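The next block is query-v9.tsv, given as TSV, C-alpha atoms.
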```
chain	number	residue	atom	x	y	z
A	1	MET	CA	81.55	56.23	136.58
A	2	LEU	CA	82.56	59.80	135.91
A	3	ASP	CA	84.96	61.30	138.44
A	4	LEU	CA	83.05	64.44	139.44
A	5	ASN	CA	86.10	66.07	140.98
A	6	ARG	CA	87.91	66.04	137.64
A	7	LEU	CA	85.27	68.17	135.94
A	8	PRO	CA	86.37	71.75	135.23
A	9	SER	CA	85.10	74.94	136.79
A	10	PRO	CA	83.15	76.91	135.70
A	11	LEU	CA	80.76	74.32	134.33
A	12	TRP	CA	77.19	74.29	132.99
A	13	ILE	CA	74.78	71.46	133.78
A	14	LEU	CA	72.45	71.36	130.78
A	15	GLY	CA	69.62	69.02	129.81
A	16	THR	CA	68.01	67.57	126.73
A	17	GLY	CA	64.66	68.78	128.12
A	18	THR	CA	62.68	69.62	131.22
A	19	GLY	CA	62.62	67.05	134.01
A	20	VAL	CA	65.71	65.07	133.02
A	21	GLY	CA	67.44	65.62	136.37
A	22	LYS	CA	69.69	68.68	135.92
A	23	THR	CA	69.15	69.78	139.52
A	24	HIS	CA	69.82	66.28	140.86
A	25	VAL	CA	73.12	66.18	138.97
A	26	SER	CA	73.96	69.74	140.07
A	27	ALA	CA	73.39	68.81	143.71
A	28	ARG	CA	75.59	65.72	143.46
A	29	LEU	CA	78.35	67.65	141.75
A	30	ALA	CA	78.15	70.62	144.14
A	31	ARG	CA	78.42	68.33	147.17
A	32	ALA	CA	81.32	66.41	145.67
A	33	TRP	CA	83.18	69.65	144.95
A	34	ALA	CA	82.30	71.15	148.35
A	35	ALA	CA	84.25	68.40	150.10
A	36	SER	CA	87.46	70.13	148.98
A	37	GLY	CA	86.53	73.82	148.90
A	38	PRO	CA	83.82	76.45	148.40
A	39	VAL	CA	81.31	76.05	145.59
A	40	THR	CA	78.95	78.63	144.10
A	41	TYR	CA	75.86	77.35	142.28
A	42	ARG	CA	74.08	79.78	139.98
A	43	LYS	CA	70.75	79.38	138.21
A	44	PRO	CA	70.22	82.38	135.91
A	45	PHE	CA	66.56	81.61	135.11
A	46	GLN	CA	63.91	79.65	137.00
A	47	THR	CA	60.23	79.44	136.22
A	48	GLY	CA	57.31	77.99	138.16
A	49	VAL	CA	58.30	79.44	141.54
A	50	SER	CA	56.99	82.37	143.57
A	51	GLY	CA	60.27	83.35	145.26
A	52	PRO	CA	63.65	82.14	146.50
A	53	GLU	CA	62.08	80.41	149.52
A	54	ASP	CA	59.58	78.49	147.39
A	55	PRO	CA	60.00	74.73	148.07
A	56	GLY	CA	60.20	74.22	144.32
A	57	ALA	CA	63.15	76.56	143.88
A	58	ASP	CA	66.14	74.62	142.60
A	59	ALA	CA	68.57	76.53	144.83
A	60	ALA	CA	66.87	74.98	147.88
A	61	ALA	CA	67.90	71.51	146.67
A	62	ILE	CA	71.54	72.56	146.25
A	63	THR	CA	72.31	74.52	149.42
A	64	GLY	CA	74.61	72.77	151.87
A	65	PRO	CA	77.90	73.07	153.73
A	66	ASN	CA	80.46	75.00	151.68
A	67	ILE	CA	77.86	75.69	148.94
A	68	THR	CA	76.39	79.08	148.05
A	69	ALA	CA	73.24	78.83	145.91
A	70	GLU	CA	72.06	81.84	143.88
A	71	THR	CA	69.21	82.48	141.45
A	72	HIS	CA	69.06	85.55	139.21
A	73	LEU	CA	65.54	85.70	137.74
A	74	LEU	CA	62.48	83.98	139.21
A	75	LEU	CA	59.23	83.77	137.24
A	76	ARG	CA	55.94	82.42	138.58
A	77	ALA	CA	54.43	80.58	135.61
A	78	PRO	CA	55.74	77.04	134.90
A	79	LEU	CA	56.52	77.94	131.29
A	80	SER	CA	59.54	78.85	129.20
A	81	PRO	CA	61.31	81.99	130.50
A	82	LEU	CA	59.99	83.95	127.51
A	83	ALA	CA	56.37	82.87	128.01
A	84	ALA	CA	56.56	83.26	131.81
A	85	ALA	CA	58.05	86.76	131.48
A	86	GLN	CA	55.36	87.77	129.00
A	87	LYS	CA	52.66	86.74	131.48
A	88	GLU	CA	54.25	89.12	134.00
A	89	ALA	CA	54.73	91.87	131.40
A	90	ARG	CA	58.50	91.64	131.87
A	91	VAL	CA	61.39	91.68	129.42
A	92	LEU	CA	64.42	89.65	130.46
A	93	ASP	CA	67.72	91.54	130.40
A	94	LEU	CA	69.90	88.83	128.91
A	95	ALA	CA	73.08	90.93	128.97
A	96	ALA	CA	72.63	91.49	132.70
A	97	ALA	CA	71.97	87.77	133.21
A	98	GLY	CA	75.20	86.93	131.39
A	99	ALA	CA	77.18	89.38	133.51
A	100	TRP	CA	75.58	87.92	136.65
A	101	CYS	CA	76.67	84.40	135.65
A	102	ALA	CA	80.25	85.53	134.97
A	103	ARG	CA	80.83	87.30	138.32
A	104	HIS	CA	83.96	86.20	140.18
A	105	VAL	CA	83.64	83.52	142.86
A	106	GLN	CA	85.84	82.01	145.53
A	107	GLY	CA	86.36	78.35	144.67
A	108	ARG	CA	84.41	76.51	141.99
A	109	LEU	CA	81.45	77.73	139.94
A	110	LEU	CA	78.55	75.53	138.82
A	111	LEU	CA	75.74	76.84	136.61
A	112	GLU	CA	72.44	75.15	135.80
A	113	GLY	CA	70.45	75.77	132.66
A	114	VAL	CA	66.67	76.02	132.34
A	115	GLY	CA	64.57	73.46	130.47
A	116	GLY	CA	66.07	72.12	127.27
A	117	LEU	CA	68.85	73.67	125.24
A	118	MET	CA	66.63	75.72	122.95
A	119	VAL	CA	64.02	76.93	125.41
A	120	PRO	CA	63.08	80.52	124.44
A	121	LEU	CA	64.40	83.33	126.65
A	122	ALA	CA	63.44	86.34	124.52
A	123	PRO	CA	61.93	86.88	121.06
A	124	LYS	CA	64.15	84.98	118.61
A	125	VAL	CA	66.71	84.13	121.35
A	126	HIS	CA	66.86	80.65	122.87
A	127	PHE	CA	68.99	79.50	125.79
A	128	LEU	CA	71.73	77.88	123.72
A	129	ALA	CA	72.30	80.97	121.59
A	130	TRP	CA	72.55	83.13	124.73
A	131	ALA	CA	74.74	80.78	126.78
A	132	THR	CA	77.20	80.10	123.95
A	133	GLU	CA	78.54	83.64	124.39
A	134	LEU	CA	79.75	82.79	127.91
A	135	LYS	CA	82.17	80.15	126.55
A	136	ILE	CA	81.81	77.73	129.49
A	137	PRO	CA	81.99	73.93	129.05
A	138	CYS	CA	79.09	71.69	130.00
A	139	VAL	CA	77.80	68.33	131.09
A	140	LEU	CA	74.66	67.22	129.24
A	141	VAL	CA	71.99	65.33	131.22
A	142	ALA	CA	69.47	63.08	129.46
A	143	THR	CA	66.98	60.37	130.33
A	144	GLY	CA	68.00	56.74	130.11
A	145	GLY	CA	65.12	55.08	128.31
A	146	LEU	CA	63.07	55.26	125.13
A	147	GLY	CA	63.65	58.42	123.09
A	148	THR	CA	66.95	59.36	124.67
A	149	LEU	CA	69.05	58.44	121.64
A	150	ASN	CA	67.36	60.97	119.37
A	151	HIS	CA	67.15	63.73	121.99
A	152	THR	CA	70.72	63.26	123.16
A	153	LEU	CA	72.24	63.11	119.68
A	154	LEU	CA	70.34	66.22	118.58
A	155	SER	CA	71.34	68.11	121.71
A	156	ALA	CA	74.98	67.05	121.54
A	157	GLU	CA	75.19	68.00	117.87
A	158	ALA	CA	73.64	71.42	118.58
A	159	LEU	CA	76.23	72.03	121.29
A	160	MET	CA	79.22	70.87	119.28
A	161	LEU	CA	78.20	72.81	116.15
A	162	ARG	CA	78.32	75.96	118.27
A	163	GLY	CA	81.77	75.14	119.57
A	164	TRP	CA	80.83	73.93	123.05
A	165	ARG	CA	83.16	71.65	124.97
A	166	VAL	CA	80.98	68.79	126.22
A	167	GLU	CA	82.79	67.19	129.15
A	168	ALA	CA	80.39	64.25	129.48
A	169	ILE	CA	76.88	63.02	128.86
A	170	LEU	CA	75.01	61.59	131.85
A	171	LEU	CA	71.98	59.34	131.35
A	172	ASN	CA	69.59	59.54	134.29
A	173	PRO	CA	67.29	56.47	134.14
A	174	GLY	CA	65.67	57.25	137.48
A	175	VAL	CA	63.51	60.10	136.19
A	176	GLU	CA	61.38	57.87	133.95
A	177	GLY	CA	61.99	54.48	135.57
A	178	ALA	CA	64.16	53.00	132.80
A	179	SER	CA	65.92	49.81	133.77
A	180	PRO	CA	69.69	49.89	134.29
A	181	GLU	CA	70.05	47.45	131.40
A	182	VAL	CA	68.19	49.70	128.97
A	183	ALA	CA	70.15	52.75	130.09
A	184	ALA	CA	73.44	50.88	129.73
A	185	ALA	CA	72.49	49.75	126.20
A	186	ASN	CA	71.59	53.32	125.22
A	187	ALA	CA	74.86	54.61	126.65
A	188	ALA	CA	76.78	52.04	124.62
A	189	LEU	CA	75.04	53.15	121.42
A	190	LEU	CA	75.66	56.82	122.14
A	191	ARG	CA	79.38	56.11	122.59
A	192	GLU	CA	79.46	54.84	119.01
A	193	PHE	CA	78.15	58.18	117.72
A	194	LEU	CA	79.69	60.77	120.04
A	195	PRO	CA	83.31	61.78	120.77
A	196	VAL	CA	82.60	62.43	124.47
A	197	PRO	CA	82.30	60.19	127.55
A	198	VAL	CA	78.82	58.78	128.19
A	199	HIS	CA	77.89	57.52	131.67
A	200	VAL	CA	74.79	56.19	133.40
A	201	LEU	CA	73.91	57.70	136.78
A	202	ALA	CA	73.64	55.09	139.49
```

What's the structure tokens form of this structure?
Amino acid sequence: MLDLNRLPSPLWILGTGTGVGKTHVSARLARAWAASGPVTYRKPFQTGVSGPEDPGADAAAITGPNITAETHLLLRAPLSPLAAAQKEARVLDLAAAGAWCARHVQGRLLLEGVGGLMVPLAPKVHFLAWATELKIPCVLVATGGLGTLNHTLLSAEALMLRGWRVEAILLNPGVEGASPEVAAANAALLREFLPVPVHVLA
């Protein structure tokens, strides 16, 4: 299994889509890092929540000893940031969001993306195009079962073509109930195609 403490900081936790377990992985990583020093978790965009105290807010799942959890922009509708902002007649300031992500921290910095890699943030701007400018490496989270090969290969290729350093790919079979055997077989196939470590979350 991947040694979480050897992952670099700052680091993005990105996903092949919505509901693949980015927040679960972020929480595990934040707690592993927090055992040896302070950790700051930042989520630049979150949709589908009414405020920072909303039980559905991802920061609530991350907070713990030695961990500071921060969210920049909260939007109520459970849609892409672009669509959710349009429903509230808002325009997202992506330059300000980038500067917010890059602020100095004490200790390690963990950032979590929103939805899949190409979820729209603004007209003609998706997440991957925006986040590439920050030049921060990532871990890519994917499901473990049927469909993950295509989604993971497409996502990994999109990242690498833009010059991203992908530290690892984590298959999360728990989110859709894939068996450990199926997830392990998919991980083995992905290793044949990709020049990065591929692991299955236990």

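Taking CA of Gly64 in chain A and CA of Gly37 in chain A as the two end points, the separation is 12.3 Å.
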
Problem - Shell around Gly56 in chain A at 12 Å using all atoms listed in the file, local window under 3 positions removed, as JSON, numbers by chain - result: {"A": [23, 46, 47, 48, 49, 50, 51, 52, 53, 59, 60, 61, 62, 74, 75, 76, 78]}

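Interatomic distance, CA of Lys135 in chain A to CA of Ser155 in chain A: 16.9 Å.
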
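From CA of Leu140 in chain A back to CA of Val200 in chain A, the distance works out to 11.8 Å.
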
Exercise for the section: May I ask which of the residues A:Gly115, A:Pro123, A:Gly21, A:Phe45 is the closest one to Glu176 in chain A, counting all atoms listed in the file? Expected result: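 Result for the nearest residue to Glu176 in chain A: A:Gly21.
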
Practice task
Name all residues at most 12 Å from Pro180 in chain A (count all atoms listed in the file; drop same-chain ones fewer than 3 positions away) and give them as a PyMOL selection string.
Solution key: chain A and resi 143-145+171-174+176-177+183-187+199-202

Handout entry: Distance query 9 Å from (79.6, 79.0, 142.0) using all atoms listed in the file, result as a VMD selection string
Key = chain A and resid 9 to 10 30 38 to 42 67 to 70 101 104 to 111

Completion exercise
For Gly17 in chain A, the closest of A:Val196, A:Ala142, A:Ala96, A:Leu73 counting all atoms listed in the file is A:Ala142

Problem - Residue nearest Val141 in chain A - candidates A:Val182, A:Gly116, A:Asp3, A:Ala95, atoms counted: all atoms listed in the file - result: A:Gly116

Handout entry: Which of A:Val20, A:Met160, A:Ala32, A:Leu194 sits closest to Val114 in chain A [using all atoms listed in the file]
Key =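 The shortest atom-to-atom distance to Val114 in chain A comes from A:Val20.
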
Exercise for the section: Using all atoms listed in the file, pick whichever of A:Gly98, A:Gly147, A:Gly163, A:Pro44 has the shortest atom-to-atom distance to Trp130 in chain A. Expected result: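 Closest to Trp130 in chain A of all the choices is A:Gly98.
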
Practice task
Check the smallest atom-to-atom distance from each of A:Cys138, A:Leu153, A:Ala158, A:Ala188 to Leu14 in chain A using only C-alpha atoms, then report the winner.
Solution key: A:Cys138

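Once range 79-90 of chain A and its same-chain neighbours fewer than 2 positions away are set aside, Ala77, Pro120, Leu121 and Ala122 of chain A remain within 6 Å of it when counting all atoms listed in the file.
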
Export of the given selection (C-alpha atoms) as a PDB file, keeping the file's coordinate frame:
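The result, stored in result_19.pdb:
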```pdb
ATOM      1  CA  ALA A  77      54.430  80.580 135.610  1.00  0.00           C
ATOM      2  CA  PRO A 120      63.080  80.520 124.440  1.00  0.00           C
ATOM      3  CA  LEU A 121      64.400  83.330 126.650  1.00  0.00           C
ATOM      4  CA  ALA A 122      63.440  86.340 124.520  1.00  0.00           C
TER       5      ALA A 122
END
```

Can you report as lines of an AutoDock Vina configuration file the centre and edge lengths in Å, to one decimal, of an axis-aligned box around the listed atoms of range 9-26 of chain A padded with 8 Å on each side?
```
center_x = 73.9
center_y = 71.0
center_z = 133.8
size_x = 38.5
size_y = 27.8
size_z = 30.1
```

Handout entry: Selection: 10 Å around Ala131 in chain A, only C-alpha atoms, excl. self and same-chain fewer than 3 positions, as a PyMOL selection string
Key = chain A and resi 12+94+97-98+101+113+117+126-128+134-136+164

Problem - Residue contacts of Val198 in chain A (7 Å, only C-alpha atoms) excluding same-chain residues fewer than 5 positions away, as a ChimeraX atom specification - result: /A:168-170,187,191
